[in-house]
Amino acid sequence: MDLRKYNIYFHTHTISGIIIAAILYVIFFAGSFSFFKDDISAWQKGKSIVAQHPVQKFNPVIDSLAGKHNLLGRNFDFYVQRQGQGTYVSMTASSDTTVTKPKPKPKREGKRKGRGRRGGDDDSAYFLYSFTDQKAAGDYSEAYDMGEFLYRLHFLAQLNQVFPFDIGTPFGYLIAGIVSFLFLFALITGLLLHWDKIKSNFFVFRPVSKWKTVWTDMHTVLGVIGFPFQLVFAVTGVVLIVNYVILAPFTDLLYEGNSDKLYESLQYNRSMTAEYTYKPMKAGFDLDAFVSEWQNKWKGSEITRVAIRNYMDESMQVSVESKPNPETNFAGSGLVHVEVASGKMLAQKSPVDGGNYIDGVKSLVFHLHFGDFGGKPLRIVFFILGLMGCAVIISGILIWFVARDKVATEAHKRKFNFWASNVFLAACLSMLPVTAFTFIMLKVLPKVDQSAIYHTYFYSWLILSLYFIIRRNFPLMNRQTLLLSVVLCLGVPLANGISTGLWMWTTWQQGAFDIFFIDALFLVLSACCAFAYRRVKLEAKPFKVLEKKKGRAALGVGV
């Protein structure tokens, strides 16, 4: 490789990498835990999904709502959770003006936070219903759990709530999309940068050499090993997060600016237009029987959404959507859309056969990003590869810093490099102990909702990060985060056993393997951190940062 190309790849890789380093670490770290989102939710609630096998019944939801509302003419949407443990229920105001009369919207008092409560003032409702408990679990904020928090943190959804300006797209998603796009540059230029030495240096690792060499070897080897995984997640992340930007030109070119038609063609939206007739339907309707009929016809698939329009009016329509289990059919989607009174079939598509090109592309992107096509073993592999990505980011920050911490470098540049690295490392290394601490607090706090999780996680993260930033000592930061992680990760299964009695041997005997897995995961993380702490304590070589120049005071703290 000639020097000019090398310099282009080197500077592109370095600049794009250091700009996105801290945010990319958050995405990888939270995303790695998100592979176990459902297991985390079961652990927090102390109710195993695997052991209980909840039965999906929709009639009790409607019966419960009927005790508080006149349901005539209303629209319902049931969004079933991934493992079928519950469903988000959305009920609109009635299309019948004799049932629900439009009310003037009150002025907002302050800013609403979170996805929060939907409806209420216009006689609508939005809440989570648990099939396991057969009762409403509260609205989105009240039913919020740690699994949902980490899942949404991995695409920075929480930033949407703190950014005060309307820029046409959610701010957090925009930042996540930009980071994913820059990550592609960093990956490709990094591969080109090391291409000539991949074969000769692939197995080279020199742990007893100087620190820069250790970090460089770790960065290169882990980066190359994890390259396919990271490339897949960079590409699928861009597609999932910034698809609006990607599709915008096609909206104007092919659909005359009508984005609804575009998303309907891509099977993201399913239009259900039913004109209200003000004629009540004479016969009754059993929603559970209707759903069960199609579940039996579509063996090897899962119901994902049930929609009702103009409930119990002669114009009433019902649709059921499903997706195939990956082991049955990797790509596909199912839909049945029926006009209830006449029995007319408006649309039908089987999820287990007849998949089209759009099904194939969407399924490929979703399955590769969420790792849901190989069971728990694949998600564990993805989890490990995600944490390897975190190690690559940390080593990259340290390489960047040490390469620029030269005596000949101007003092103000050295200060900037040090403080940038100090802030990045403090924020990144604090995430594991903060996450374990939040898990423990889930079992201690009297009430756990969205607000409680936000306050516990973000305030503890801020305090711990500020502590390490003020200490200005990289080796001390490494040792103390490892020690905190040992103690707090070990505290997760202990807190679960003490507060609920669900010790690991108990959950194993009960077949509650999802709860058992989370306890075991943190136990393994504690053991790994203990091993790393011991090695660092016994064998790590000290290094100095911001060394003294002749005739000048030291700019930083050395070890």
# chains A, B, ... in the order shown; residues from 1 in each chain; ligands from 1
$ residues_around --residues "stretch 377-384 of chain A" --least-positions-apart "4" --cutoff "6 Å" --atoms "only C-alpha atoms" --output "list in words"
Ser32, Phe35 and Gly371 of chain A
$ residues_around --residues "A:Ile515" --least-positions-apart "5" --cutoff "8 Å" --atoms "only C-alpha atoms" --output "list in words"
Asp39, Ile40, Ala42, Trp43, Gly46, Lys47, Ser48 and Thr507 of chain A
$ atom_distance --atom1 "atom CA of A:Gly511" --atom2 "atom CA of A:Gln52"
9.1 Å
$ select_by_dssp --residues "stretch 282-317 of chain A" --states "helix (DSSP H, G or I)" --output "PyMOL selection string"
chain A and resi 287-297
$ residues_around --residues "A:Asn478" --least-positions-apart "3" --cutoff "12 Å" --atoms "only C-alpha atoms" --output "JSON, numbers by chain"
{"A": [394, 422, 425, 426, 427, 428, 429, 430, 432, 433, 468, 471, 472, 473, 474, 475, 481, 482, 483, 484, 485, 529, 532, 533, 534, 535, 536, 537, 540, 542]}
$ write_last_selection --atoms "N, CA, C and O atoms" --output "short mmCIF file (atom, residue, chain, number, x, y, z; two decimals), in the first residue's frame"
data_model
loop_
_atom_site.label_atom_id
_atom_site.label_comp_id
_atom_site.auth_asym_id
_atom_site.auth_seq_id
_atom_site.Cartn_x
_atom_site.Cartn_y
_atom_site.Cartn_z
N ILE A 394 -12.68 0.70 23.44
CA ILE A 394 -11.83 1.14 24.55
C ILE A 394 -10.36 1.15 24.14
O ILE A 394 -9.63 2.12 24.39
N ASN A 422 -10.27 10.99 28.93
CA ASN A 422 -10.72 10.82 30.31
C ASN A 422 -12.25 10.75 30.39
O ASN A 422 -12.82 9.87 31.05
N LEU A 425 -13.55 7.45 28.53
CA LEU A 425 -13.32 6.22 29.29
C LEU A 425 -14.19 6.17 30.54
O LEU A 425 -14.71 5.12 30.91
N ALA A 426 -14.33 7.31 31.22
CA ALA A 426 -15.16 7.34 32.43
C ALA A 426 -16.60 6.97 32.11
O ALA A 426 -17.23 6.18 32.83
N ALA A 427 -17.14 7.53 31.04
CA ALA A 427 -18.52 7.23 30.66
C ALA A 427 -18.69 5.78 30.23
O ALA A 427 -19.68 5.12 30.56
N CYS A 428 -17.70 5.27 29.49
CA CYS A 428 -17.82 3.91 28.96
C CYS A 428 -17.63 2.85 30.05
O CYS A 428 -18.44 1.93 30.20
N LEU A 429 -16.55 2.96 30.82
CA LEU A 429 -16.24 1.94 31.80
C LEU A 429 -17.24 1.90 32.95
O LEU A 429 -17.36 0.89 33.64
N SER A 430 -17.96 3.00 33.15
CA SER A 430 -18.95 3.04 34.24
C SER A 430 -20.21 2.26 33.92
O SER A 430 -20.99 1.95 34.83
N LEU A 432 -21.01 -0.89 33.01
CA LEU A 432 -21.27 -2.21 33.58
C LEU A 432 -21.63 -2.14 35.06
O LEU A 432 -22.67 -2.71 35.46
N PRO A 433 -20.85 -1.46 35.91
CA PRO A 433 -21.28 -1.39 37.32
C PRO A 433 -22.60 -0.66 37.50
O PRO A 433 -23.40 -1.03 38.36
N PHE A 468 -14.82 9.45 38.30
CA PHE A 468 -13.63 9.02 37.57
C PHE A 468 -13.01 10.16 36.77
O PHE A 468 -11.78 10.22 36.61
N ARG A 471 -10.97 12.12 39.21
CA ARG A 471 -9.75 11.41 39.65
C ARG A 471 -8.64 11.48 38.60
O ARG A 471 -7.46 11.41 38.95
N ARG A 472 -8.97 11.56 37.34
CA ARG A 472 -8.00 11.74 36.24
C ARG A 472 -6.89 10.69 36.27
O ARG A 472 -5.72 11.00 36.11
N ASN A 473 -7.27 9.45 36.43
CA ASN A 473 -6.28 8.39 36.55
C ASN A 473 -6.80 7.15 35.84
O ASN A 473 -7.67 6.45 36.36
N PHE A 474 -6.27 6.85 34.67
CA PHE A 474 -6.77 5.74 33.87
C PHE A 474 -6.59 4.38 34.55
O PHE A 474 -7.54 3.59 34.59
N PRO A 475 -5.41 4.04 35.06
CA PRO A 475 -5.28 2.73 35.72
C PRO A 475 -6.20 2.58 36.93
O PRO A 475 -6.77 1.51 37.14
N THR A 481 -13.43 0.22 38.41
CA THR A 481 -14.63 -0.24 37.68
C THR A 481 -14.70 -1.76 37.67
O THR A 481 -15.78 -2.35 37.77
N LEU A 482 -13.54 -2.42 37.55
CA LEU A 482 -13.53 -3.88 37.61
C LEU A 482 -13.97 -4.37 38.98
O LEU A 482 -14.78 -5.31 39.10
N LEU A 483 -13.45 -3.74 40.04
CA LEU A 483 -13.81 -4.16 41.40
C LEU A 483 -15.29 -3.91 41.68
O LEU A 483 -15.99 -4.77 42.25
N LEU A 484 -15.78 -2.75 41.27
CA LEU A 484 -17.22 -2.46 41.44
C LEU A 484 -18.07 -3.46 40.66
O LEU A 484 -19.11 -3.91 41.15
N SER A 485 -17.62 -3.81 39.46
CA SER A 485 -18.37 -4.75 38.64
C SER A 485 -18.41 -6.13 39.28
O SER A 485 -19.43 -6.82 39.23
N CYS A 529 -14.82 -10.37 35.58
CA CYS A 529 -14.27 -9.12 36.10
C CYS A 529 -13.29 -9.40 37.24
O CYS A 529 -12.26 -8.72 37.37
N ALA A 532 -10.09 -10.55 35.61
CA ALA A 532 -9.40 -9.41 35.00
C ALA A 532 -8.78 -8.51 36.07
O ALA A 532 -7.65 -8.02 35.92
N TYR A 533 -9.51 -8.31 37.17
CA TYR A 533 -8.99 -7.46 38.25
C TYR A 533 -7.73 -8.07 38.85
O TYR A 533 -6.74 -7.36 39.13
N ARG A 534 -7.74 -9.38 39.07
CA ARG A 534 -6.56 -10.04 39.63
C ARG A 534 -5.37 -9.92 38.70
O ARG A 534 -4.25 -9.64 39.15
N ARG A 535 -5.59 -10.13 37.41
CA ARG A 535 -4.49 -10.02 36.45
C ARG A 535 -3.95 -8.60 36.39
O ARG A 535 -2.74 -8.38 36.34
N VAL A 536 -4.85 -7.62 36.39
CA VAL A 536 -4.42 -6.23 36.36
C VAL A 536 -3.65 -5.88 37.62
O VAL A 536 -2.62 -5.20 37.57
N LYS A 537 -4.14 -6.35 38.74
CA LYS A 537 -3.51 -6.04 40.03
C LYS A 537 -2.11 -6.62 40.12
O LYS A 537 -1.18 -6.00 40.64
N ALA A 540 -0.19 -5.88 35.68
CA ALA A 540 -0.27 -4.69 34.83
C ALA A 540 0.91 -3.77 35.09
O ALA A 540 1.31 -3.55 36.23
N PRO A 542 2.58 -0.09 35.13
CA PRO A 542 2.11 1.30 35.24
C PRO A 542 2.53 2.11 34.02
O PRO A 542 3.50 1.79 33.35
#
$ closest_atom_pairs --of "stretch 393-487 of chain A" --to "stretch 223-228 of chain A" --cutoff "12 Å" --atoms "only C-alpha atoms" --output "CSV"
residue,atom,partner,partner_atom,distance
A:Ile393,CA,A:Gly223,CA,9.1
A:Ile394,CA,A:Gly223,CA,11.6
A:Ser395,CA,A:Gly223,CA,10.1
A:Gly396,CA,A:Gly223,CA,9.9
$ write_last_selection --atoms "N, CA, C and O atoms" --output "PDB file, in the first residue's frame"
ATOM      1  N   ILE A 393     -13.456  -0.614  21.028  1.00  0.00           N
ATOM      2  CA  ILE A 393     -13.631   0.834  21.182  1.00  0.00           C
ATOM      3  C   ILE A 393     -12.720   1.376  22.286  1.00  0.00           C
ATOM      4  O   ILE A 393     -12.044   2.392  22.110  1.00  0.00           O
ATOM      5  N   ILE A 394     -12.677   0.697  23.440  1.00  0.00           N
ATOM      6  CA  ILE A 394     -11.831   1.139  24.552  1.00  0.00           C
ATOM      7  C   ILE A 394     -10.363   1.149  24.135  1.00  0.00           C
ATOM      8  O   ILE A 394      -9.628   2.121  24.388  1.00  0.00           O
ATOM      9  N   SER A 395      -9.896   0.061  23.496  1.00  0.00           N
ATOM     10  CA  SER A 395      -8.498   0.009  23.069  1.00  0.00           C
ATOM     11  C   SER A 395      -8.207   1.072  22.016  1.00  0.00           C
ATOM     12  O   SER A 395      -7.111   1.649  21.995  1.00  0.00           O
ATOM     13  N   GLY A 396      -9.187   1.360  21.173  1.00  0.00           N
ATOM     14  CA  GLY A 396      -8.993   2.415  20.177  1.00  0.00           C
ATOM     15  C   GLY A 396      -8.816   3.786  20.809  1.00  0.00           C
ATOM     16  O   GLY A 396      -7.974   4.586  20.366  1.00  0.00           O
TER      17      GLY A 396
END
$ decode --residues "stretch 214-227 of chain A" --atoms "all heavy atoms" --output "mmCIF file, in the first residue's frame"
data_model
loop_
_atom_site.group_PDB
_atom_site.id
_atom_site.type_symbol
_atom_site.label_atom_id
_atom_site.label_comp_id
_atom_site.auth_asym_id
_atom_site.auth_seq_id
_atom_site.Cartn_x
_atom_site.Cartn_y
_atom_site.Cartn_z
ATOM 1 N N VAL A 214 0.177 -3.541 23.447
ATOM 2 C CA VAL A 214 -0.897 -4.413 23.927
ATOM 3 C C VAL A 214 -2.241 -3.955 23.381
ATOM 4 O O VAL A 214 -3.032 -4.751 22.852
ATOM 5 C CB VAL A 214 -0.929 -4.435 25.474
ATOM 6 C CG1 VAL A 214 -2.133 -5.228 25.972
ATOM 7 C CG2 VAL A 214 0.355 -5.035 26.017
ATOM 8 N N TRP A 215 -2.522 -2.659 23.501
ATOM 9 C CA TRP A 215 -3.805 -2.140 23.032
ATOM 10 C C TRP A 215 -3.949 -2.247 21.514
ATOM 11 O O TRP A 215 -5.016 -2.532 20.999
ATOM 12 C CB TRP A 215 -3.970 -0.685 23.482
ATOM 13 C CG TRP A 215 -4.043 -0.543 24.968
ATOM 14 C CD1 TRP A 215 -4.578 -1.424 25.861
ATOM 15 C CD2 TRP A 215 -3.523 0.536 25.745
ATOM 16 N NE1 TRP A 215 -4.445 -0.955 27.142
ATOM 17 C CE2 TRP A 215 -3.806 0.244 27.103
ATOM 18 C CE3 TRP A 215 -2.861 1.724 25.443
ATOM 19 C CZ2 TRP A 215 -3.444 1.090 28.135
ATOM 20 C CZ3 TRP A 215 -2.495 2.571 26.470
ATOM 21 C CH2 TRP A 215 -2.781 2.251 27.811
ATOM 22 N N THR A 216 -2.810 -2.002 20.806
ATOM 23 C CA THR A 216 -2.845 -2.093 19.343
ATOM 24 C C THR A 216 -3.142 -3.522 18.901
ATOM 25 O O THR A 216 -3.959 -3.751 18.002
ATOM 26 C CB THR A 216 -1.508 -1.624 18.740
ATOM 27 O OG1 THR A 216 -1.258 -0.276 19.150
ATOM 28 C CG2 THR A 216 -1.546 -1.695 17.227
ATOM 29 N N ASP A 217 -2.462 -4.502 19.536
ATOM 30 C CA ASP A 217 -2.718 -5.904 19.180
ATOM 31 C C ASP A 217 -4.171 -6.294 19.469
ATOM 32 O O ASP A 217 -4.829 -6.948 18.655
ATOM 33 C CB ASP A 217 -1.773 -6.820 19.965
ATOM 34 C CG ASP A 217 -0.337 -6.725 19.483
ATOM 35 O OD1 ASP A 217 -0.113 -6.154 18.401
ATOM 36 O OD2 ASP A 217 0.568 -7.203 20.192
ATOM 37 N N MET A 218 -4.675 -5.893 20.646
ATOM 38 C CA MET A 218 -6.061 -6.219 21.004
ATOM 39 C C MET A 218 -7.038 -5.560 20.042
ATOM 40 O O MET A 218 -8.007 -6.184 19.593
ATOM 41 C CB MET A 218 -6.348 -5.781 22.433
ATOM 42 C CG MET A 218 -7.750 -6.140 22.918
ATOM 43 S SD MET A 218 -7.998 -5.832 24.681
ATOM 44 C CE MET A 218 -7.920 -4.044 24.723
ATOM 45 N N HIS A 219 -6.801 -4.306 19.722
ATOM 46 C CA HIS A 219 -7.678 -3.564 18.824
ATOM 47 C C HIS A 219 -7.718 -4.219 17.449
ATOM 48 O O HIS A 219 -8.788 -4.397 16.857
ATOM 49 C CB HIS A 219 -7.173 -2.118 18.714
ATOM 50 C CG HIS A 219 -8.066 -1.218 17.933
ATOM 51 N ND1 HIS A 219 -9.225 -0.679 18.440
ATOM 52 C CD2 HIS A 219 -7.982 -0.749 16.653
ATOM 53 C CE1 HIS A 219 -9.806 0.082 17.540
ATOM 54 N NE2 HIS A 219 -9.072 0.056 16.434
ATOM 55 N N THR A 220 -6.543 -4.603 16.952
ATOM 56 C CA THR A 220 -6.460 -5.176 15.602
ATOM 57 C C THR A 220 -7.067 -6.572 15.546
ATOM 58 O O THR A 220 -7.908 -6.867 14.690
ATOM 59 C CB THR A 220 -4.994 -5.227 15.139
ATOM 60 O OG1 THR A 220 -4.426 -3.921 15.216
ATOM 61 C CG2 THR A 220 -4.903 -5.741 13.712
ATOM 62 N N VAL A 221 -6.655 -7.433 16.486
ATOM 63 C CA VAL A 221 -7.113 -8.823 16.451
ATOM 64 C C VAL A 221 -8.616 -8.921 16.688
ATOM 65 O O VAL A 221 -9.348 -9.555 15.918
ATOM 66 C CB VAL A 221 -6.350 -9.665 17.490
ATOM 67 C CG1 VAL A 221 -6.946 -11.069 17.577
ATOM 68 C CG2 VAL A 221 -4.880 -9.749 17.128
ATOM 69 N N LEU A 222 -9.104 -8.278 17.764
ATOM 70 C CA LEU A 222 -10.540 -8.341 18.051
ATOM 71 C C LEU A 222 -11.349 -7.627 16.971
ATOM 72 O O LEU A 222 -12.459 -8.049 16.642
ATOM 73 C CB LEU A 222 -10.830 -7.719 19.417
ATOM 74 C CG LEU A 222 -10.269 -8.456 20.636
ATOM 75 C CD1 LEU A 222 -10.692 -7.748 21.923
ATOM 76 C CD2 LEU A 222 -10.723 -9.903 20.658
ATOM 77 N N GLY A 223 -10.791 -6.561 16.415
ATOM 78 C CA GLY A 223 -11.488 -5.841 15.348
ATOM 79 C C GLY A 223 -11.656 -6.689 14.109
ATOM 80 O O GLY A 223 -12.721 -6.698 13.477
ATOM 81 N N VAL A 224 -10.611 -7.435 13.755
ATOM 82 C CA VAL A 224 -10.683 -8.288 12.562
ATOM 83 C C VAL A 224 -11.604 -9.483 12.802
ATOM 84 O O VAL A 224 -12.416 -9.847 11.951
ATOM 85 C CB VAL A 224 -9.273 -8.760 12.161
ATOM 86 C CG1 VAL A 224 -9.361 -9.804 11.052
ATOM 87 C CG2 VAL A 224 -8.429 -7.574 11.700
ATOM 88 N N ILE A 225 -11.490 -10.105 13.999
ATOM 89 C CA ILE A 225 -12.362 -11.247 14.300
ATOM 90 C C ILE A 225 -13.827 -10.828 14.294
ATOM 91 O O ILE A 225 -14.695 -11.539 13.771
ATOM 92 C CB ILE A 225 -11.988 -11.851 15.675
ATOM 93 C CG1 ILE A 225 -10.609 -12.494 15.617
ATOM 94 C CG2 ILE A 225 -13.032 -12.879 16.116
ATOM 95 C CD1 ILE A 225 -10.107 -12.968 16.965
ATOM 96 N N GLY A 226 -14.112 -9.672 14.883
ATOM 97 C CA GLY A 226 -15.506 -9.220 14.977
ATOM 98 C C GLY A 226 -15.979 -8.419 13.792
ATOM 99 O O GLY A 226 -17.128 -7.943 13.789
ATOM 100 N N PHE A 227 -15.135 -8.291 12.747
ATOM 101 C CA PHE A 227 -15.505 -7.437 11.607
ATOM 102 C C PHE A 227 -16.818 -7.852 10.940
ATOM 103 O O PHE A 227 -17.682 -6.999 10.702
ATOM 104 C CB PHE A 227 -14.371 -7.407 10.578
ATOM 105 C CG PHE A 227 -14.701 -6.597 9.353
ATOM 106 C CD1 PHE A 227 -14.534 -5.224 9.355
ATOM 107 C CD2 PHE A 227 -15.188 -7.209 8.202
ATOM 108 C CE1 PHE A 227 -14.845 -4.471 8.236
ATOM 109 C CE2 PHE A 227 -15.505 -6.468 7.078
ATOM 110 C CZ PHE A 227 -15.328 -5.091 7.093
#
